[in-house]
Amino acid sequence: MAIVFDNEIKDRIRMAVSIVDLVGSYLELRRQGRSFVARCPFHDDRHPSLQINPERQTWKCFVCDIGGDIFSFVMQKEGVEFPEALRMLADRAGIVLEQRPGRRNESGGDKRGLYQAMEWATAQFHQCFQEHADAEPARRYIEERGIHSESIARFRLGFAPDSWTWLVDQGITASMPADVLDAVGLLARSERGTRYDRFRGRVMFPINDPQGRPIAVGGRILPGSTSEAAKYINCSETRLYQKNQTLYGLDQARDRIGKTRQAVVMEGYTDVIMAFQNGIENAIACCGTALGENHIRILKRYCDTVVLVLDGDEAGQRRTSEILELFLTAQMDLRILTLPDALDPCDFLLRFGGPRLQELIDNAVDALEHKVQTVCRGFDPLLDTHRATTALEDILHSMARVSSSSLLSKESSRLRQDQILVRLSRQFGIEQSEIRLRLDSIRRTETQRMSYRSSNSKPSVANGSPESSENQEQVTIRYRYQDLQPIEAELFEILTLSPELASMAIERYPSEGLESQTAKNIFQLYVNLEMAAHALDFSSILSATEDPSLKSVLVSIEQHAANKAAKAILTAEERLHSLCERWGNQDDAAYRKTQIRTLEQETLDSHSELELLQMVFNQARIRQGIVPAEE
């Protein structure tokens with residue numbers, strides 16, 4: 001269930017945090033008249049194009065065509081949703097948000113305590129790596145891997161001694177409760193219930209959230225160890241850490257990813273560290289799991305293209321079907337790079353260097369082409385028809401496993417599928433219509449099979465139950481200023497500069513006649529605040545929405561309003577009256593057109609026709625104020 005924050009707390013935070021100070025903590029600002037400018041962090045900005053208005057508490061980049069307030073800036077910069085942005089800004093302002101009942105004592109403490117525990121633990125591991133005599137083999141291993149001291153410090157590499165209670169003992173000395181260390185996944189329990197260190201004799205890799213806060217660790221056993229434990233292990237999942245929603249190195253890479261609009265996803269922690277060391281600073285890695293839809297959803301906040309770098313070994317090649325299915329559902333450009341000679345990225349970089357890997361990244365093929373190349377390896381699909389048919393069936397079955405609703409729910413998805421079918425037709429020499437028929441047939445079979453399994457494996461879920469609603473895909477709407485009709489834009493421009501007229505507009509303006517969804521949602525903001533007896537000024541409206549794209553539209557409206565203000569001949573109230581009159585005329589015209597179509601389409605007797613014409617005439621006179629409605 002989404003958390004709803006009232007407008008009062010939003011206003012308190014908005015007034016407590018200066019947007020100049022906020023943006024200035026990320027970027028170098030330069031005063032320009034009464035405003036400030038900076039290089040936009042959301043594209044490769046050579047000249048300052050980000051404008052900050054301290055009076056309105058807004059920001060706007062005309063190149064990216066995005067803007068908003070303090071909340072949307074943090075959302076864009078940190079890649080977080082509104083609740084997290086609000087909490088971050090509340091912390092910055094020293095405003096305490098009310099704790100929800102029962103949350104403080106869950107899982108060993110509140111979240112702030114869990115973050116502090118992870119920060120403390122990673123510092124202990126890092127200090128141990130640098131100073132402890134037992135860490136000498138770990139330091140030697142890292143040096144042999146070619147990782148420099150600057151990278152060790154940047155990624156805060158650590159070491160966990162080969163002891164069952166080293167971290168537990170450190171915690172006792174530092175008054176760090178074992179309950180909290182257990183809650184962040186650093187400890188395990190024996191059959192007798194005693195706690196012991198989960199990580200022993202391992203090189204430690206801190207895993208941070210996008211804001212740079214440690215939320216977990218990964219540990220690699222040292223080469224030559226006699227232990228039969230797994231080569232890599234991570235913290236167990238906790239309130240801070242879910243592996244399918246975490247990307248290693250994202251805190252370091254997000255700025256570069258945002259500017260290049262591309263993320264390079266590798267398979268290991270050392271791969272990412274070596275990539276940074278060789279100048280590839282948009283590299284990240286998954287944490288103990290394959291790249292999935294949740295990862296893609298996070299990356300969409302920062303980029304348009306993902307390049308997945310696969311090790312050249314057999315395990316890397318086996319993922320082709322999963323990757324194609326992800327490509328079909330991701331709605332973003334997913335590209336694949338398979339490294340030669342069964343090398344992983346770290347070894348490739350040590351042997352060939354960063355420029356060579358960057359060249360391969362730049363020439364990576366998309367996931368569909370990768371799948372075709374994989375299934376057609378060793379033969380020509382235009383010549384060997386039997387093997388080509390088998391290969392095409394493989395691809396179509398991968399496509400069919402993707403939910404038909406996710407493919408067909410949007411026009412862009414249908415276009416994407418059509419483009420894929422065109423490419424398959426060209427590569428396999430088969431008519432597009434035949435491929436489409438075969439895909440539809442496979443998809444129907446898959447749907448029937450899944451329906452049968454579902455009906456025989458578990459009871460059906462009643463409509464409207466939590467389970468059925470949680471499984472429904474949430475549709476994200478992106479609002480744009482260009483969506484507004486001219487009459488809609490003018491209405492909001494008037495209300496932005498003259499909020500005292502908002503109540504009148506709510507009463508007089510026919511909101512049901514608004515055409516664009518963007519206009520309807522903005523108007524609803526005014527209605528909601530009016531009903532709550534809240535101020536209707538521009539800043540309050542801006543705070544009332546949590547959607548960053550709608551905030552951007554509001555900032556664009558405010559700027560257009562300010563540009564027109566000096567040229568306006570009529571007062572704001574006169575403009576609003578004129579606007580309502582124009583709307584009434586439009587409504588009359590539409591009404592008359594409807595009635596004329598009715599007259600043309602239906603055969604009426606003369607009495608009914610005269611009666612209808614009289615009604616149209618009277619309605620027009622009433623709307624124009626010629627006669628009172630009582631007549």
# chains A, B, ... in the order shown; residues from 1 in each chain; ligands from 1
call {"tool": "residues_around", "arguments": {"residues": "A:Leu339", "least_positions_apart": "5", "cutoff": "8 Å", "atoms": "only C-alpha atoms", "output": "list in words"}}
result
Val309, Leu310, Asp311, Gly312, Asp344, Pro345 and Phe348 of chain A
call {"tool": "residues_around", "arguments": {"residues": "A:Val527", "least_positions_apart": "4", "cutoff": "8 Å", "atoms": "only C-alpha atoms", "output": "short mmCIF file (atom, residue, chain, number, x, y, z; two decimals) with N, CA and C atoms, in the first residue's frame"}}
result
data_model
loop_
_atom_site.label_atom_id
_atom_site.label_comp_id
_atom_site.auth_asym_id
_atom_site.auth_seq_id
_atom_site.Cartn_x
_atom_site.Cartn_y
_atom_site.Cartn_z
N ILE A 506 -12.81 27.01 -9.99
CA ILE A 506 -13.35 25.70 -9.65
C ILE A 506 -14.87 25.70 -9.77
N PHE A 523 -6.07 20.16 -12.49
CA PHE A 523 -7.29 20.76 -11.96
C PHE A 523 -7.73 20.05 -10.68
N MET A 531 -10.92 21.74 -1.19
CA MET A 531 -11.78 20.99 -0.28
C MET A 531 -11.14 20.84 1.09
#
call {"tool": "closest_residue", "arguments": {"among": "A:Ala505, A:Leu27, A:Val365, A:Ile9", "to": "A:Glu530", "atoms": "only C-alpha atoms"}}
result
A:Ala505
call {"tool": "closest_atom_pairs", "arguments": {"of": "stretch 214-259 of chain A", "to": "stretch 140-153 of chain A", "cutoff": "12 Å", "atoms": "only C-alpha atoms", "output": "CSV"}}
result
residue,atom,partner,partner_atom,distance
A:Arg220,CA,A:Tyr141,CA,10.8
A:Ile221,CA,A:Tyr141,CA,10.5
A:Leu222,CA,A:Tyr141,CA,7.5
A:Pro223,CA,A:Tyr141,CA,7.9
A:Gly224,CA,A:Tyr141,CA,10.6
A:Gln252,CA,A:Ser151,CA,11.5
call {"tool": "write_last_selection", "arguments": {"atoms": "all heavy atoms", "output": "PDB file, in the first residue's frame"}}
result
ATOM      1  N   ARG A 220      34.193 -12.822  -0.796  1.00  0.00           N
ATOM      2  CA  ARG A 220      34.813 -13.829  -1.666  1.00  0.00           C
ATOM      3  C   ARG A 220      35.858 -14.589  -0.876  1.00  0.00           C
ATOM      4  O   ARG A 220      36.730 -14.010  -0.221  1.00  0.00           O
ATOM      5  CB  ARG A 220      35.490 -13.176  -2.871  1.00  0.00           C
ATOM      6  CG  ARG A 220      35.964 -14.197  -3.908  1.00  0.00           C
ATOM      7  CD  ARG A 220      37.060 -13.691  -4.799  1.00  0.00           C
ATOM      8  NE  ARG A 220      37.322 -14.570  -5.919  1.00  0.00           N
ATOM      9  CZ  ARG A 220      38.033 -15.690  -5.869  1.00  0.00           C
ATOM     10  NH1 ARG A 220      38.561 -16.107  -4.711  1.00  0.00           N
ATOM     11  NH2 ARG A 220      38.231 -16.417  -6.961  1.00  0.00           N
ATOM     12  N   ILE A 221      35.755 -15.905  -0.954  1.00  0.00           N
ATOM     13  CA  ILE A 221      36.734 -16.732  -0.267  1.00  0.00           C
ATOM     14  C   ILE A 221      38.082 -16.602  -0.970  1.00  0.00           C
ATOM     15  O   ILE A 221      38.159 -16.404  -2.190  1.00  0.00           O
ATOM     16  CB  ILE A 221      36.254 -18.197  -0.220  1.00  0.00           C
ATOM     17  CG1 ILE A 221      36.931 -18.941   0.909  1.00  0.00           C
ATOM     18  CG2 ILE A 221      36.469 -18.888  -1.564  1.00  0.00           C
ATOM     19  CD1 ILE A 221      36.234 -20.228   1.281  1.00  0.00           C
ATOM     20  N   LEU A 222      39.163 -16.671  -0.219  1.00  0.00           N
ATOM     21  CA  LEU A 222      40.490 -16.498  -0.805  1.00  0.00           C
ATOM     22  C   LEU A 222      40.914 -17.741  -1.579  1.00  0.00           C
ATOM     23  O   LEU A 222      40.595 -18.875  -1.183  1.00  0.00           O
ATOM     24  CB  LEU A 222      41.514 -16.208   0.290  1.00  0.00           C
ATOM     25  CG  LEU A 222      41.403 -14.838   0.957  1.00  0.00           C
ATOM     26  CD1 LEU A 222      42.349 -14.743   2.148  1.00  0.00           C
ATOM     27  CD2 LEU A 222      41.717 -13.737  -0.046  1.00  0.00           C
ATOM     28  N   PRO A 223      41.616 -17.561  -2.707  1.00  0.00           N
ATOM     29  CA  PRO A 223      42.118 -18.712  -3.466  1.00  0.00           C
ATOM     30  C   PRO A 223      43.010 -19.589  -2.577  1.00  0.00           C
ATOM     31  O   PRO A 223      43.764 -19.087  -1.739  1.00  0.00           O
ATOM     32  CB  PRO A 223      42.925 -18.067  -4.598  1.00  0.00           C
ATOM     33  CG  PRO A 223      42.381 -16.683  -4.711  1.00  0.00           C
ATOM     34  CD  PRO A 223      41.968 -16.283  -3.347  1.00  0.00           C
ATOM     35  N   GLY A 224      42.897 -20.893  -2.757  1.00  0.00           N
ATOM     36  CA  GLY A 224      43.714 -21.810  -1.973  1.00  0.00           C
ATOM     37  C   GLY A 224      43.086 -22.230  -0.671  1.00  0.00           C
ATOM     38  O   GLY A 224      43.636 -23.071   0.051  1.00  0.00           O
ATOM     39  N   GLN A 252      28.263   4.751  -7.315  1.00  0.00           N
ATOM     40  CA  GLN A 252      29.437   5.330  -7.969  1.00  0.00           C
ATOM     41  C   GLN A 252      29.170   5.665  -9.432  1.00  0.00           C
ATOM     42  O   GLN A 252      29.729   6.622  -9.972  1.00  0.00           O
ATOM     43  CB  GLN A 252      30.609   4.336  -7.897  1.00  0.00           C
ATOM     44  CG  GLN A 252      31.034   3.939  -6.496  1.00  0.00           C
ATOM     45  CD  GLN A 252      31.969   4.963  -5.866  1.00  0.00           C
ATOM     46  OE1 GLN A 252      32.382   5.925  -6.498  1.00  0.00           O
ATOM     47  NE2 GLN A 252      32.295   4.757  -4.600  1.00  0.00           N
TER      48      GLN A 252
END
call {"tool": "residues_around", "arguments": {"residues": "stretch 257-261 of chain A", "least_positions_apart": "3", "cutoff": "9 Å", "atoms": "only C-alpha atoms", "output": "PyMOL selection string"}}
result
chain A and resi 41-45+77+250+253-254+264+281-283+299+301-306
call {"tool": "residues_around", "arguments": {"residues": "A:Arg575", "least_positions_apart": "4", "cutoff": "9 Å", "atoms": "only C-alpha atoms", "output": "VMD selection string"}}
result
chain A and resid 490 to 491 494 568 570 to 571 579 to 580
call {"tool": "select_by_dssp", "arguments": {"residues": "stretch 167-333 of chain A", "states": "alpha helix (DSSP H)", "output": "ChimeraX atom specification"}}
result
/A:167-173,178-183,250-260,269-277,293-299,314-317,320-330
call {"tool": "residues_around", "arguments": {"residues": "stretch 15-25 of chain A", "least_positions_apart": "3", "cutoff": "6 Å", "atoms": "only C-alpha atoms", "output": "tab-separated table (two decimals) with C-alpha atoms, in the first residue's frame"}}
result
chain	number	residue	atom	x	y	z
A	12	ARG	CA	7.00	22.26	6.25
A	28	GLU	CA	28.49	24.32	-8.64
A	29	LEU	CA	26.08	27.26	-8.92
A	57	GLN	CA	11.73	27.22	-5.12
A	70	ILE	CA	13.11	20.15	-4.14
A	93	ALA	CA	15.79	19.87	7.49
call {"tool": "closest_residue", "arguments": {"among": "A:Tyr481, A:Phe327, A:Phe492, A:Tyr509", "to": "A:Phe538", "atoms": "only C-alpha atoms"}}
result
A:Phe492
call {"tool": "atom_distance", "arguments": {"atom1": "atom CA of A:Asn528", "atom2": "atom CA of A:Thr545"}}
result
10.7 Å
call {"tool": "atom_distance", "arguments": {"atom1": "atom CA of A:Asp110", "atom2": "atom CA of A:Gly193"}}
result
23.4 Å
call {"tool": "atom_distance", "arguments": {"atom1": "atom CA of A:Lys567", "atom2": "atom CA of A:Ala489"}}
result
16.4 Å
call {"tool": "residues_around", "arguments": {"residues": "A:Asp197", "least_positions_apart": "3", "cutoff": "8 Å", "atoms": "only C-alpha atoms", "output": "list in words"}}
result
Ser163, Trp164, Thr165, Trp166, Leu167, Val168, Leu186, Leu187, Ala188 and Arg200 of chain A
call {"tool": "write_last_selection", "arguments": {"atoms": "N, CA, C and O atoms", "output": "PDB file, in the first residue's frame"}}
result
ATOM      1  N   SER A 163      37.451 -16.230  11.751  1.00  0.00           N
ATOM      2  CA  SER A 163      37.084 -16.417  13.150  1.00  0.00           C
ATOM      3  C   SER A 163      35.567 -16.493  13.245  1.00  0.00           C
ATOM      4  O   SER A 163      34.854 -15.798  12.531  1.00  0.00           O
ATOM      5  N   TRP A 164      35.062 -17.318  14.172  1.00  0.00           N
ATOM      6  CA  TRP A 164      33.626 -17.487  14.305  1.00  0.00           C
ATOM      7  C   TRP A 164      32.964 -16.294  14.991  1.00  0.00           C
ATOM      8  O   TRP A 164      31.759 -16.090  14.837  1.00  0.00           O
ATOM      9  N   THR A 165      33.741 -15.516  15.749  1.00  0.00           N
ATOM     10  CA  THR A 165      33.112 -14.455  16.557  1.00  0.00           C
ATOM     11  C   THR A 165      33.845 -13.118  16.467  1.00  0.00           C
ATOM     12  O   THR A 165      33.663 -12.263  17.333  1.00  0.00           O
ATOM     13  N   TRP A 166      34.668 -12.895  15.450  1.00  0.00           N
ATOM     14  CA  TRP A 166      35.431 -11.643  15.374  1.00  0.00           C
ATOM     15  C   TRP A 166      34.497 -10.436  15.353  1.00  0.00           C
ATOM     16  O   TRP A 166      34.664  -9.491  16.121  1.00  0.00           O
ATOM     17  N   LEU A 167      33.488 -10.448  14.477  1.00  0.00           N
ATOM     18  CA  LEU A 167      32.580  -9.298  14.372  1.00  0.00           C
ATOM     19  C   LEU A 167      31.705  -9.185  15.620  1.00  0.00           C
ATOM     20  O   LEU A 167      31.441  -8.082  16.107  1.00  0.00           O
ATOM     21  N   VAL A 168      31.270 -10.313  16.150  1.00  0.00           N
ATOM     22  CA  VAL A 168      30.465 -10.291  17.370  1.00  0.00           C
ATOM     23  C   VAL A 168      31.257  -9.649  18.504  1.00  0.00           C
ATOM     24  O   VAL A 168      30.742  -8.790  19.242  1.00  0.00           O
ATOM     25  N   LEU A 186      24.542  -9.973   8.912  1.00  0.00           N
ATOM     26  CA  LEU A 186      25.978 -10.211   9.094  1.00  0.00           C
ATOM     27  C   LEU A 186      26.266 -11.415   9.989  1.00  0.00           C
ATOM     28  O   LEU A 186      27.406 -11.883  10.027  1.00  0.00           O
ATOM     29  N   LEU A 187      25.268 -11.875  10.697  1.00  0.00           N
ATOM     30  CA  LEU A 187      25.453 -13.011  11.601  1.00  0.00           C
ATOM     31  C   LEU A 187      24.560 -14.168  11.167  1.00  0.00           C
ATOM     32  O   LEU A 187      23.601 -13.989  10.424  1.00  0.00           O
ATOM     33  N   ALA A 188      24.884 -15.351  11.674  1.00  0.00           N
ATOM     34  CA  ALA A 188      24.060 -16.544  11.466  1.00  0.00           C
ATOM     35  C   ALA A 188      23.861 -17.204  12.829  1.00  0.00           C
ATOM     36  O   ALA A 188      24.504 -16.824  13.815  1.00  0.00           O
ATOM     37  N   ARG A 200      33.660 -15.312   7.114  1.00  0.00           N
ATOM     38  CA  ARG A 200      34.915 -15.686   7.755  1.00  0.00           C
ATOM     39  C   ARG A 200      35.954 -15.976   6.680  1.00  0.00           C
ATOM     40  O   ARG A 200      35.703 -16.741   5.755  1.00  0.00           O
TER      41      ARG A 200
END
call {"tool": "closest_residue", "arguments": {"among": "A:Gly201, A:Arg87, A:Ser425, A:Glu78", "to": "A:Thr226", "atoms": "only C-alpha atoms"}}
result
A:Gly201
